[in-house]
Amino acid sequence: MANAYVFPGQGSQFSGMGKNLYDSNPVSKEMFEQANDILGFRISDIMFSGSDEDLKQTNVTQPAVFLHSVIAFKTLPAAKPDMVAGHSLGEFSALVANDCLSFENALMLVSIRAQAMQRACEMNPSTMAAILNLADHIVEEICDEVMRDTGK
């Protein structure tokens with residue numbers, strides 16, 4: 001039997017993420033503190049007790065999701081992946097889990113990526129949404145209406 005690990009991307013964040021790992025596992029605590037030092041701010045505080053709005057900021061969200069994923073993986077007993085995959089940001093977690101990229105280097109790359117994406121968000125404010133159980137023609141009608149309303 002093969003062991004496959006799949007890591008999430010941005011959008012899987014939630015207030016309180018990682019707190020139980022920090023409190024219950026010394027390796028987790030050490031990794032969170034190392035991440036705080038690398039990033040130059042206490043991301044663990046935002047993850048553990050920040051608001052949903054704090055966690056929606058791309059420059060926080062991406063490192064937070066990465067940290068939660070990697071630290072949760074590293075605390076699994078005998079985690080030996082035969083294959084890994086990640087959705088968007090999750091690819092960085094997958095590379096760390098597969099020992100292709102160090103935790104420290106991956107966190108720095110994720111931080112740079114997140115800061116660049118945060119700047120892009122600020123230059124062009126927008127949002128994302130998931131559409132569930134809605135017929136295609138209704139979605140198309142809504143998109144057409146939005147485009148008419150915005151003059152595009």
# chains A, B, ... in the order shown; residues from 1 in each chain; ligands from 1
call {"tool": "select_by_dssp", "arguments": {"residues": "stretch 81-136 of chain A", "states": "alpha helix (DSSP H)", "output": "compact mmCIF listing (two decimals) with N, CA and C atoms, in the first residue's frame"}}
result
# COMPACT_ATOMS: atom_id res chain seq x y z
N GLY A 90 0.13 24.60 -1.43
CA GLY A 90 0.39 23.30 -0.85
C GLY A 90 1.56 22.57 -1.49
N GLU A 91 1.97 23.00 -2.68
CA GLU A 91 3.12 22.38 -3.32
C GLU A 91 4.39 22.59 -2.49
N PHE A 92 4.49 23.72 -1.82
CA PHE A 92 5.66 23.97 -0.96
C PHE A 92 5.67 22.99 0.21
N SER A 93 4.51 22.74 0.80
CA SER A 93 4.42 21.78 1.90
C SER A 93 4.78 20.39 1.40
N ALA A 94 4.32 20.05 0.22
CA ALA A 94 4.63 18.73 -0.36
C ALA A 94 6.13 18.57 -0.59
N LEU A 95 6.79 19.62 -1.05
CA LEU A 95 8.24 19.55 -1.27
C LEU A 95 9.00 19.36 0.03
N VAL A 96 8.54 19.99 1.10
CA VAL A 96 9.18 19.81 2.40
C VAL A 96 8.92 18.39 2.91
N ALA A 97 7.69 17.93 2.78
CA ALA A 97 7.34 16.59 3.25
C ALA A 97 8.14 15.51 2.52
N PHE A 103 12.62 23.08 5.40
CA PHE A 103 11.57 23.86 6.04
C PHE A 103 11.89 25.35 6.01
N GLU A 104 13.12 25.70 6.37
CA GLU A 104 13.51 27.11 6.45
C GLU A 104 13.46 27.78 5.08
N ASN A 105 14.03 27.15 4.07
CA ASN A 105 14.02 27.73 2.73
C ASN A 105 12.61 27.82 2.16
N ALA A 106 11.82 26.80 2.39
CA ALA A 106 10.44 26.83 1.91
C ALA A 106 9.65 27.95 2.57
N LEU A 107 9.82 28.13 3.88
CA LEU A 107 9.11 29.20 4.58
C LEU A 107 9.52 30.56 4.04
N MET A 108 10.80 30.75 3.77
CA MET A 108 11.24 32.04 3.20
C MET A 108 10.62 32.25 1.82
N LEU A 109 10.59 31.21 0.99
CA LEU A 109 9.97 31.33 -0.34
C LEU A 109 8.48 31.63 -0.23
N VAL A 110 7.79 30.93 0.67
CA VAL A 110 6.37 31.16 0.87
C VAL A 110 6.13 32.59 1.33
N SER A 111 6.97 33.09 2.20
CA SER A 111 6.83 34.46 2.69
C SER A 111 7.00 35.47 1.56
N ILE A 112 8.01 35.28 0.73
CA ILE A 112 8.22 36.17 -0.42
C ILE A 112 7.03 36.11 -1.36
N ARG A 113 6.56 34.91 -1.64
CA ARG A 113 5.38 34.72 -2.52
C ARG A 113 4.17 35.42 -1.93
N ALA A 114 3.95 35.25 -0.64
CA ALA A 114 2.78 35.83 0.03
C ALA A 114 2.84 37.36 0.01
N GLN A 115 4.01 37.92 0.24
CA GLN A 115 4.15 39.38 0.21
C GLN A 115 3.88 39.92 -1.18
N ALA A 116 4.38 39.24 -2.21
CA ALA A 116 4.13 39.68 -3.59
C ALA A 116 2.64 39.60 -3.92
N MET A 117 2.01 38.53 -3.50
CA MET A 117 0.58 38.38 -3.76
C MET A 117 -0.24 39.39 -2.96
N GLN A 118 0.21 39.73 -1.74
CA GLN A 118 -0.48 40.74 -0.94
C GLN A 118 -0.43 42.09 -1.65
N ARG A 119 0.76 42.43 -2.18
CA ARG A 119 0.88 43.70 -2.93
C ARG A 119 -0.05 43.70 -4.14
N ALA A 120 -0.12 42.58 -4.84
CA ALA A 120 -1.00 42.48 -6.01
C ALA A 120 -2.47 42.65 -5.60
N CYS A 121 -2.85 42.07 -4.46
CA CYS A 121 -4.21 42.22 -3.96
C CYS A 121 -4.54 43.67 -3.63
N GLU A 122 -3.57 44.36 -3.05
CA GLU A 122 -3.78 45.76 -2.67
C GLU A 122 -3.87 46.66 -3.91
N MET A 123 -3.14 46.31 -4.96
CA MET A 123 -3.17 47.10 -6.19
C MET A 123 -4.46 46.86 -6.98
N ASP A 136 -25.18 25.81 -14.28
CA ASP A 136 -24.25 26.60 -15.09
C ASP A 136 -24.90 27.83 -15.68
call {"tool": "residues_around", "arguments": {"residues": "A:Lys80", "least_positions_apart": "5", "cutoff": "10 Å", "atoms": "only C-alpha atoms", "output": "list of chain:residue names"}}
result
A:Ala2, A:Asn3, A:Ala4, A:Tyr5, A:Phe73, A:Lys74, A:Ala97, A:Asn98
call {"tool": "select_by_dssp", "arguments": {"residues": "stretch 22-89 of chain A", "states": "strand (DSSP E)", "output": "PyMOL selection string"}}
result
chain A and resi 83-86
call {"tool": "atom_distance", "arguments": {"atom1": "atom CA of A:Gly18", "atom2": "atom CA of A:Phe48"}}
result
6.7 Å
call {"tool": "residues_around", "arguments": {"residues": "A:Ser69", "least_positions_apart": "2", "cutoff": "8 Å", "atoms": "only C-alpha atoms", "output": "PyMOL selection string"}}
result
chain A and resi 7-8+65-67+71-73+93
call {"tool": "write_last_selection", "arguments": {"atoms": "N, CA and C atoms", "output": "short mmCIF file (atom, residue, chain, number, x, y, z; two decimals), in the first residue's frame"}}
result
data_model
loop_
_atom_site.label_atom_id
_atom_site.label_comp_id
_atom_site.auth_asym_id
_atom_site.auth_seq_id
_atom_site.Cartn_x
_atom_site.Cartn_y
_atom_site.Cartn_z
N PHE A 7 -1.53 18.24 0.31
CA PHE A 7 -1.49 19.43 1.15
C PHE A 7 -2.36 20.54 0.56
N PRO A 8 -3.10 21.25 1.41
CA PRO A 8 -4.04 22.28 0.95
C PRO A 8 -3.35 23.59 0.59
N VAL A 65 -0.89 28.64 6.50
CA VAL A 65 -1.33 27.35 5.95
C VAL A 65 -0.13 26.43 5.74
N PHE A 66 0.95 27.00 5.21
CA PHE A 66 2.18 26.22 5.04
C PHE A 66 2.65 25.66 6.37
N LEU A 67 2.74 26.50 7.39
CA LEU A 67 3.23 26.06 8.71
C LEU A 67 2.34 24.97 9.29
N ILE A 71 4.00 21.35 9.84
CA ILE A 71 4.17 20.95 11.24
C ILE A 71 3.26 19.77 11.58
N ALA A 72 2.04 19.77 11.08
CA ALA A 72 1.16 18.61 11.31
C ALA A 72 1.78 17.36 10.70
N PHE A 73 2.32 17.47 9.49
CA PHE A 73 2.97 16.33 8.85
C PHE A 73 4.16 15.85 9.67
N SER A 93 4.51 22.74 0.80
CA SER A 93 4.42 21.78 1.90
C SER A 93 4.78 20.39 1.40
#
call {"tool": "atom_distance", "arguments": {"atom1": "atom CA of A:Glu145", "atom2": "atom CA of A:Pro125"}}
result
19.5 Å
call {"tool": "atom_distance", "arguments": {"atom1": "atom CA of A:Val139", "atom2": "atom CA of A:Ser12"}}
result
23.9 Å
call {"tool": "decode", "arguments": {"residues": "stretch 43-73 of chain A", "atoms": "N, CA and C atoms", "output": "mmCIF file, in the first residue's frame"}}
result
data_model
loop_
_atom_site.group_PDB
_atom_site.id
_atom_site.type_symbol
_atom_site.label_atom_id
_atom_site.label_comp_id
_atom_site.auth_asym_id
_atom_site.auth_seq_id
_atom_site.Cartn_x
_atom_site.Cartn_y
_atom_site.Cartn_z
ATOM 1 N N ILE A 43 3.762 34.972 13.912
ATOM 2 C CA ILE A 43 2.648 34.414 13.143
ATOM 3 C C ILE A 43 1.866 33.418 13.978
ATOM 4 N N SER A 44 2.538 32.760 14.908
ATOM 5 C CA SER A 44 1.836 31.795 15.758
ATOM 6 C C SER A 44 0.727 32.480 16.552
ATOM 7 N N ASP A 45 0.951 33.690 17.030
ATOM 8 C CA ASP A 45 -0.088 34.406 17.773
ATOM 9 C C ASP A 45 -1.307 34.679 16.891
ATOM 10 N N ILE A 46 -1.057 35.057 15.641
ATOM 11 C CA ILE A 46 -2.161 35.317 14.717
ATOM 12 C C ILE A 46 -2.902 34.021 14.407
ATOM 13 N N MET A 47 -2.151 32.954 14.190
ATOM 14 C CA MET A 47 -2.776 31.665 13.889
ATOM 15 C C MET A 47 -3.623 31.166 15.053
ATOM 16 N N PHE A 48 -3.105 31.302 16.260
ATOM 17 C CA PHE A 48 -3.769 30.724 17.425
ATOM 18 C C PHE A 48 -4.944 31.562 17.920
ATOM 19 N N SER A 49 -4.832 32.884 17.826
ATOM 20 C CA SER A 49 -5.890 33.709 18.423
ATOM 21 C C SER A 49 -6.294 34.909 17.572
ATOM 22 N N GLY A 50 -5.793 34.986 16.353
ATOM 23 C CA GLY A 50 -6.182 36.086 15.481
ATOM 24 C C GLY A 50 -7.599 35.907 14.963
ATOM 25 N N SER A 51 -8.135 36.986 14.443
ATOM 26 C CA SER A 51 -9.485 36.925 13.882
ATOM 27 C C SER A 51 -9.433 36.311 12.485
ATOM 28 N N ASP A 52 -10.596 35.933 11.994
ATOM 29 C CA ASP A 52 -10.682 35.421 10.631
ATOM 30 C C ASP A 52 -10.185 36.482 9.644
ATOM 31 N N GLU A 53 -10.463 37.738 9.956
ATOM 32 C CA GLU A 53 -10.014 38.835 9.087
ATOM 33 C C GLU A 53 -8.491 38.930 9.065
ATOM 34 N N ASP A 54 -7.850 38.759 10.230
ATOM 35 C CA ASP A 54 -6.383 38.752 10.281
ATOM 36 C C ASP A 54 -5.819 37.642 9.399
ATOM 37 N N LEU A 55 -6.455 36.482 9.480
ATOM 38 C CA LEU A 55 -5.968 35.323 8.730
ATOM 39 C C LEU A 55 -6.270 35.401 7.237
ATOM 40 N N LYS A 56 -7.161 36.287 6.825
ATOM 41 C CA LYS A 56 -7.479 36.435 5.400
ATOM 42 C C LYS A 56 -6.419 37.228 4.650
ATOM 43 N N GLN A 57 -5.565 37.921 5.371
ATOM 44 C CA GLN A 57 -4.513 38.703 4.713
ATOM 45 C C GLN A 57 -3.511 37.739 4.086
ATOM 46 N N THR A 58 -3.337 37.847 2.780
ATOM 47 C CA THR A 58 -2.520 36.885 2.035
ATOM 48 C C THR A 58 -1.126 36.736 2.624
ATOM 49 N N ASN A 59 -0.536 37.851 3.079
ATOM 50 C CA ASN A 59 0.820 37.768 3.626
ATOM 51 C C ASN A 59 0.871 36.991 4.945
ATOM 52 N N VAL A 60 -0.272 36.748 5.553
ATOM 53 C CA VAL A 60 -0.366 35.918 6.760
ATOM 54 C C VAL A 60 -0.899 34.532 6.399
ATOM 55 N N THR A 61 -1.920 34.504 5.560
ATOM 56 C CA THR A 61 -2.582 33.247 5.216
ATOM 57 C C THR A 61 -1.616 32.208 4.681
ATOM 58 N N GLN A 62 -0.815 32.601 3.704
ATOM 59 C CA GLN A 62 0.038 31.617 3.048
ATOM 60 C C GLN A 62 1.072 31.003 3.985
ATOM 61 N N PRO A 63 1.829 31.797 4.730
ATOM 62 C CA PRO A 63 2.748 31.150 5.676
ATOM 63 C C PRO A 63 2.009 30.344 6.748
ATOM 64 N N ALA A 64 0.825 30.798 7.159
ATOM 65 C CA ALA A 64 0.069 30.085 8.193
ATOM 66 C C ALA A 64 -0.366 28.705 7.698
ATOM 67 N N VAL A 65 -0.895 28.643 6.499
ATOM 68 C CA VAL A 65 -1.334 27.351 5.947
ATOM 69 C C VAL A 65 -0.130 26.434 5.743
ATOM 70 N N PHE A 66 0.953 26.998 5.214
ATOM 71 C CA PHE A 66 2.180 26.223 5.035
ATOM 72 C C PHE A 66 2.651 25.657 6.373
ATOM 73 N N LEU A 67 2.743 26.504 7.395
ATOM 74 C CA LEU A 67 3.227 26.063 8.709
ATOM 75 C C LEU A 67 2.341 24.967 9.286
ATOM 76 N N HIS A 68 1.054 25.196 9.256
ATOM 77 C CA HIS A 68 0.138 24.210 9.815
ATOM 78 C C HIS A 68 0.303 22.867 9.107
ATOM 79 N N SER A 69 0.384 22.888 7.795
ATOM 80 C CA SER A 69 0.511 21.653 7.022
ATOM 81 C C SER A 69 1.806 20.923 7.326
ATOM 82 N N VAL A 70 2.908 21.652 7.269
ATOM 83 C CA VAL A 70 4.216 21.014 7.455
ATOM 84 C C VAL A 70 4.385 20.527 8.894
ATOM 85 N N ILE A 71 3.997 21.346 9.841
ATOM 86 C CA ILE A 71 4.171 20.954 11.241
ATOM 87 C C ILE A 71 3.264 19.771 11.580
ATOM 88 N N ALA A 72 2.044 19.766 11.078
ATOM 89 C CA ALA A 72 1.164 18.614 11.307
ATOM 90 C C ALA A 72 1.778 17.357 10.699
ATOM 91 N N PHE A 73 2.324 17.472 9.490
ATOM 92 C CA PHE A 73 2.970 16.329 8.849
ATOM 93 C C PHE A 73 4.163 15.845 9.670
#
